[in-house]
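Listing of upload.pdb; format and content: PDB, C-alpha atoms.
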```
MODEL        1
ATOM      1  CA  MET A   1       1.102  26.110  -8.043
ATOM      2  CA  PRO A   2      -0.798  28.457  -5.720
ATOM      3  CA  GLU A   3       1.142  31.284  -4.196
ATOM      4  CA  THR A   4       1.503  31.651  -0.463
ATOM      5  CA  SER A   5      -0.871  33.917   1.366
ATOM      6  CA  THR A   6       0.154  37.322   2.641
ATOM      7  CA  ARG A   7      -1.680  36.684   5.924
ATOM      8  CA  PRO A   8       0.479  35.751   8.898
ATOM      9  CA  SER A   9       0.153  32.111   9.853
ATOM     10  CA  SER A  10       2.168  29.346  11.428
ATOM     11  CA  ALA A  11       3.033  28.114   7.915
ATOM     12  CA  ASN A  12       4.919  31.316   7.097
ATOM     13  CA  PRO A  13       8.250  31.578   8.898
ATOM     14  CA  PRO A  14       9.377  35.063   9.926
ATOM     15  CA  ARG A  15      11.874  36.756   7.625
ATOM     16  CA  GLN A  16      12.524  39.979   9.423
ATOM     17  CA  THR A  17      15.703  41.339  10.873
ATOM     18  CA  ARG A  18      16.129  41.805  14.580
ATOM     19  CA  GLY A  19      16.222  45.606  14.569
ATOM     20  CA  SER A  20      13.321  46.228  12.207
ATOM     21  CA  SER A  21      10.283  48.284  13.113
ATOM     22  CA  MET A  22       8.115  45.141  12.903
ATOM     23  CA  SER A  23      10.393  43.547  15.465
ATOM     24  CA  VAL A  24       9.745  46.453  17.842
ATOM     25  CA  ILE A  25       5.996  46.200  17.246
ATOM     26  CA  ASP A  26       6.101  42.425  17.700
ATOM     27  CA  ARG A  27       7.912  42.749  21.033
ATOM     28  CA  THR A  28       5.541  45.473  22.191
ATOM     29  CA  VAL A  29       2.306  43.641  21.390
ATOM     30  CA  ARG A  30       3.693  40.395  22.755
ATOM     31  CA  ASN A  31       4.726  41.987  26.053
ATOM     32  CA  VAL A  32       1.407  43.805  26.406
ATOM     33  CA  ALA A  33      -0.512  40.582  25.745
ATOM     34  CA  LEU A  34       1.757  38.393  27.854
ATOM     35  CA  TRP A  35       2.106  40.594  30.900
ATOM     36  CA  GLY A  36      -1.150  42.513  30.820
ATOM     37  CA  GLY A  37      -3.488  39.919  29.341
ATOM     38  CA  GLY A  38      -1.726  37.031  31.076
ATOM     39  CA  THR A  39      -1.924  38.743  34.452
ATOM     40  CA  MET A  40      -5.636  39.348  33.932
ATOM     41  CA  LEU A  41      -6.148  35.704  32.945
ATOM     42  CA  LEU A  42      -4.351  34.446  36.051
ATOM     43  CA  GLY A  43      -6.295  36.874  38.227
ATOM     44  CA  LEU A  44      -9.557  35.822  36.608
ATOM     45  CA  MET A  45      -8.755  32.164  37.239
ATOM     46  CA  GLY A  46      -7.899  32.855  40.866
ATOM     47  CA  LEU A  47     -11.015  34.941  41.402
ATOM     48  CA  THR A  48     -13.213  32.244  39.866
ATOM     49  CA  VAL A  49     -11.661  29.478  41.986
ATOM     50  CA  VAL A  50     -12.079  31.493  45.187
ATOM     51  CA  ASP A  51     -15.632  32.552  44.307
ATOM     52  CA  VAL A  52     -16.755  29.020  43.401
ATOM     53  CA  THR A  53     -15.086  27.551  46.481
ATOM     54  CA  LEU A  54     -16.711  30.071  48.786
ATOM     55  CA  ARG A  55     -20.051  29.727  47.019
ATOM     56  CA  TYR A  56     -20.333  25.938  47.135
ATOM     57  CA  ILE A  57     -18.447  25.018  50.305
ATOM     58  CA  PHE A  58     -19.324  27.924  52.601
ATOM     59  CA  ASN A  59     -22.434  29.239  50.817
ATOM     60  CA  ALA A  60     -20.841  32.709  50.863
ATOM     61  CA  PRO A  61     -19.873  33.953  47.374
ATOM     62  CA  LEU A  62     -17.599  36.924  46.917
ATOM     63  CA  TYR A  63     -19.671  40.071  46.654
ATOM     64  CA  GLY A  64     -18.977  41.774  43.318
ATOM     65  CA  ALA A  65     -16.976  38.885  41.853
ATOM     66  CA  ARG A  66     -19.060  39.006  38.695
ATOM     67  CA  ASP A  67     -18.340  42.735  38.241
ATOM     68  CA  VAL A  68     -14.621  42.245  38.714
ATOM     69  CA  SER A  69     -14.480  39.174  36.464
ATOM     70  CA  LYS A  70     -16.284  40.983  33.605
ATOM     71  CA  LEU A  71     -13.897  43.915  33.796
ATOM     72  CA  MET A  72     -10.859  41.609  34.026
ATOM     73  CA  LEU A  73     -12.051  39.744  30.933
ATOM     74  CA  LEU A  74     -12.558  43.032  29.089
ATOM     75  CA  THR A  75      -9.040  44.129  30.072
ATOM     76  CA  MET A  76      -7.523  40.831  28.957
ATOM     77  CA  ILE A  77      -9.169  41.065  25.536
ATOM     78  CA  ALA A  78      -8.269  44.726  25.052
ATOM     79  CA  LEU A  79      -4.618  43.997  25.828
ATOM     80  CA  SER A  80      -4.410  40.865  23.679
ATOM     81  CA  VAL A  81      -6.283  41.687  20.474
ATOM     82  CA  ALA A  82      -3.272  43.274  18.735
ATOM     83  CA  TYR A  83      -1.074  40.254  19.463
ATOM     84  CA  SER A  84      -3.782  37.938  18.188
ATOM     85  CA  ALA A  85      -3.946  39.943  14.969
ATOM     86  CA  ARG A  86      -0.171  39.997  14.567
ATOM     87  CA  THR A  87       0.202  36.246  15.018
ATOM     88  CA  GLY A  88      -2.687  35.329  12.721
ATOM     89  CA  GLY A  89      -4.945  34.222  15.564
ATOM     90  CA  GLN A  90      -8.139  35.482  13.948
ATOM     91  CA  VAL A  91     -10.258  33.664  11.421
ATOM     92  CA  VAL A  92      -9.385  34.544   7.840
ATOM     93  CA  ILE A  93     -11.287  33.335   4.806
ATOM     94  CA  GLU A  94      -9.019  33.042   1.796
ATOM     95  CA  PHE A  95     -11.393  31.812  -0.839
ATOM     96  CA  PHE A  96     -10.057  33.520  -3.930
ATOM     97  CA  SER A  97      -6.460  34.259  -2.935
ATOM     98  CA  HIS A  98      -4.989  31.160  -4.561
ATOM     99  CA  TRP A  99      -6.502  32.211  -7.918
ATOM    100  CA  MET A 100      -5.211  35.778  -7.688
ATOM    101  CA  GLY A 101      -1.840  36.817  -8.894
ATOM    102  CA  SER A 102       0.574  38.175  -6.321
ATOM    103  CA  ARG A 103      -0.110  41.768  -7.348
ATOM    104  CA  LEU A 104      -3.893  41.423  -6.962
ATOM    105  CA  ALA A 105      -3.470  39.516  -3.688
ATOM    106  CA  ASN A 106      -1.254  42.322  -2.332
ATOM    107  CA  PHE A 107      -3.806  44.912  -3.477
ATOM    108  CA  SER A 108      -6.549  42.942  -1.740
ATOM    109  CA  GLU A 109      -4.519  42.660   1.465
ATOM    110  CA  ALA A 110      -3.728  46.376   1.396
ATOM    111  CA  GLY A 111      -7.382  47.265   0.826
ATOM    112  CA  ALA A 112      -8.513  45.047   3.688
ATOM    113  CA  ARG A 113      -5.947  46.588   6.025
ATOM    114  CA  ILE A 114      -6.870  50.145   5.010
ATOM    115  CA  ALA A 115     -10.548  49.417   5.692
ATOM    116  CA  ALA A 116      -9.693  47.766   9.012
ATOM    117  CA  ILE A 117      -7.474  50.676  10.079
ATOM    118  CA  ALA A 118     -10.250  53.146   9.275
ATOM    119  CA  MET A 119     -12.784  51.122  11.267
ATOM    120  CA  LEU A 120     -10.408  50.715  14.215
ATOM    121  CA  LEU A 121      -9.658  54.441  14.296
ATOM    122  CA  ILE A 122     -13.373  55.248  14.293
ATOM    123  CA  LEU A 123     -13.952  52.614  16.979
ATOM    124  CA  SER A 124     -11.139  54.010  19.135
ATOM    125  CA  TRP A 125     -12.465  57.537  18.773
ATOM    126  CA  GLN A 126     -15.996  56.432  19.695
ATOM    127  CA  LEU A 127     -14.697  54.470  22.684
ATOM    128  CA  TRP A 128     -12.832  57.562  23.852
ATOM    129  CA  LEU A 129     -16.029  59.599  23.546
ATOM    130  CA  CYS A 130     -17.923  56.887  25.435
ATOM    131  CA  SER A 131     -15.344  57.205  28.196
ATOM    132  CA  ASP A 132     -16.169  60.872  28.564
ATOM    133  CA  SER A 133     -19.907  60.259  28.597
ATOM    134  CA  ALA A 134     -19.549  57.317  30.996
ATOM    135  CA  ALA A 135     -17.729  59.586  33.414
ATOM    136  CA  ALA A 136     -20.283  62.373  32.955
ATOM    137  CA  PHE A 137     -23.254  60.066  33.532
ATOM    138  CA  GLY A 138     -21.632  58.018  36.293
ATOM    139  CA  GLU A 139     -21.771  54.676  34.472
ATOM    140  CA  ALA A 140     -20.411  51.981  36.749
ATOM    141  CA  SER A 141     -20.681  48.279  37.515
ATOM    142  CA  LEU A 142     -23.802  47.190  39.348
ATOM    143  CA  ALA A 143     -22.535  45.662  42.580
ATOM    144  CA  LEU A 144     -19.279  47.481  43.287
ATOM    145  CA  GLY A 145     -19.807  50.722  41.396
ATOM    146  CA  ILE A 146     -16.503  50.458  39.490
ATOM    147  CA  PRO A 147     -16.521  53.341  36.956
ATOM    148  CA  PHE A 148     -16.539  52.257  33.297
ATOM    149  CA  GLY A 149     -14.666  55.317  31.980
ATOM    150  CA  PRO A 150     -11.130  53.922  32.364
ATOM    151  CA  PHE A 151     -12.161  50.661  30.712
ATOM    152  CA  TYR A 152     -13.456  52.499  27.649
ATOM    153  CA  ILE A 153     -10.054  54.204  27.433
ATOM    154  CA  LEU A 154      -8.313  50.839  27.777
ATOM    155  CA  LEU A 155     -10.414  49.424  24.949
ATOM    156  CA  ALA A 156      -9.621  52.472  22.818
ATOM    157  CA  VAL A 157      -5.885  52.005  23.416
ATOM    158  CA  GLY A 158      -6.157  48.289  22.596
ATOM    159  CA  MET A 159      -7.890  49.067  19.310
ATOM    160  CA  LEU A 160      -5.288  51.748  18.513
ATOM    161  CA  LEU A 161      -2.524  49.212  19.112
ATOM    162  CA  TYR A 162      -4.301  46.870  16.701
ATOM    163  CA  ALA A 163      -4.459  49.721  14.137
ATOM    164  CA  VAL A 164      -0.703  50.303  14.586
ATOM    165  CA  VAL A 165      -0.047  46.625  13.844
ATOM    166  CA  LEU A 166      -2.152  46.822  10.686
ATOM    167  CA  ALA A 167      -0.510  50.098   9.621
ATOM    168  CA  ALA A 168       2.954  48.566  10.011
ATOM    169  CA  GLU A 169       1.873  45.546   7.965
ATOM    170  CA  LEU A 170       0.381  47.882   5.351
ATOM    171  CA  PHE A 171       3.692  49.717   5.169
ATOM    172  CA  LEU A 172       5.441  46.394   4.475
ATOM    173  CA  ILE A 173       2.943  45.572   1.741
ATOM    174  CA  PHE A 174       3.501  48.968   0.088
ATOM    175  CA  ARG A 175       7.277  48.458   0.283
ATOM    176  CA  GLY A 176       6.904  45.092  -1.474
ATOM    177  CA  ARG A 177       8.080  43.147   1.564
ATOM    178  CA  VAL A 178       5.059  40.855   1.867
ATOM    179  CA  GLY A 179       7.318  38.012   3.006
ATOM    180  CA  ASP A 180       8.082  39.960   6.185
ATOM    181  CA  LEU A 181       4.439  39.647   7.313
ATOM    182  CA  GLY A 182       5.153  36.215   8.791
ATOM    183  CA  LEU A 183       4.782  35.343  12.431
ATOM    184  CA  PRO A 184       6.938  37.180  14.950
ATOM    185  CA  PRO A 185       9.754  35.133  16.466
ATOM    186  CA  GLU A 186       8.921  33.425  19.762
TER     187      GLU A 186
ENDMDL
END
```

Output the file's structure in the form of structure tokens.
Amino acid sequence: MPETSTRPSSANPPRQTRGSSMSVIDRTVRNVALWGGGTMLLGLMGLTVVDVTLRYIFNAPLYGARDVSKLMLLTMIALSVAYSARTGGQVVIEFFSHWMGSRLANFSEAGARIAAIAMLLILSWQLWLCSDSAAAFGEASLALGIPFGPFYILLAVGMLLYAVVLAAELFLIFRGRVGDLGLPPE
């Protein structure tokens, strides 16, 4: 019989205790995604409704609505990517995992997380550097001139939060607690 995957999914019930470090991380990424990303989503919906209404009924669209909506979407994604990763919301291809033994599957999961953490750290660092250069060169949105620097920092923080999630999961894999990688409690 094939073994269960080490990837979080809705099929794997959570097995962690309430006071564990994963519980703290789960609450943090959930609150960031819910309050930050959810607020941006509601704001984006409201902005779109108002802009479309003004555009088609009064022939007077909101000036700069496209700038604001792009930056709100960017903010929503930056704040929600770690929660998506923690809850198994991303596409995962598990072609060979059911043929691997548990030890090889854990090694594979650890290797994938190490590579992902390295890439996310490099990405965060580069985004931080882009923030500095965006400020130095005055990069801003076209219509409203909203500076891009703070949004690069926000993206960097979102990617760092994702790296923290992966590092915590890697720690569980190294401790032999692969069963604790399940979904966080709702």

- What separates atom CA of A:Ala33 and atom CA of A:Met76 is a distance of 7.7 Å

- With only C-alpha atoms as the atoms that count, which of A:Ser69, A:Gly38, A:Leu166, A:Ile93 lies nearest to A:Asp51?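 Closest residue, counting only C-alpha atoms: A:Ser69.
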
- Message: Can you pull out the residues contacting A:Ala135? Cut-off 9 Å, using all atoms listed in the file, and skip same-chain residues under 3 positions away; I want them as a ChimeraX atom specification.
- Response: /A:130-132,138-140,147-150

- Item | Nearest residue to A:Val32 from the set A:Phe107, A:Tyr152, A:Tyr63, A:Tyr162 (distances using only C-alpha atoms) | A:Tyr162

- Message: Calculated over only C-alpha atoms, which of the candidates A:Leu71, A:Arg27, A:Gly46, A:Phe174 has the smallest distance to A:Ala110?
- Response: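 Checking each of A:Leu71, A:Arg27, A:Gly46, A:Phe174 against A:Ala110, counting only C-alpha atoms, the winner is A:Phe174.
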
- Hey, which of A:Ile153, A:Ala168, A:Leu47, A:Ile25 ends up closest to A:Leu74? Count all atoms listed in the file.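 The shortest atom-to-atom distance to A:Leu74 comes from A:Ile153.
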
- At what distance in Å, to one decimal, does atom CA of A:Phe151 lie from atom CA of A:Ala163?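 Straight-line distance from atom CA of A:Ala163 to atom CA of A:Phe151 works out to 18.3 Å.
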
- Query: Suppose you want the space between atom CA of A:Thr75 and atom CA of A:Gln126; what is it in Å?
  - Reply: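 Answer for the atom CA of A:Thr75 to atom CA of A:Gln126 separation: 17.5 Å.
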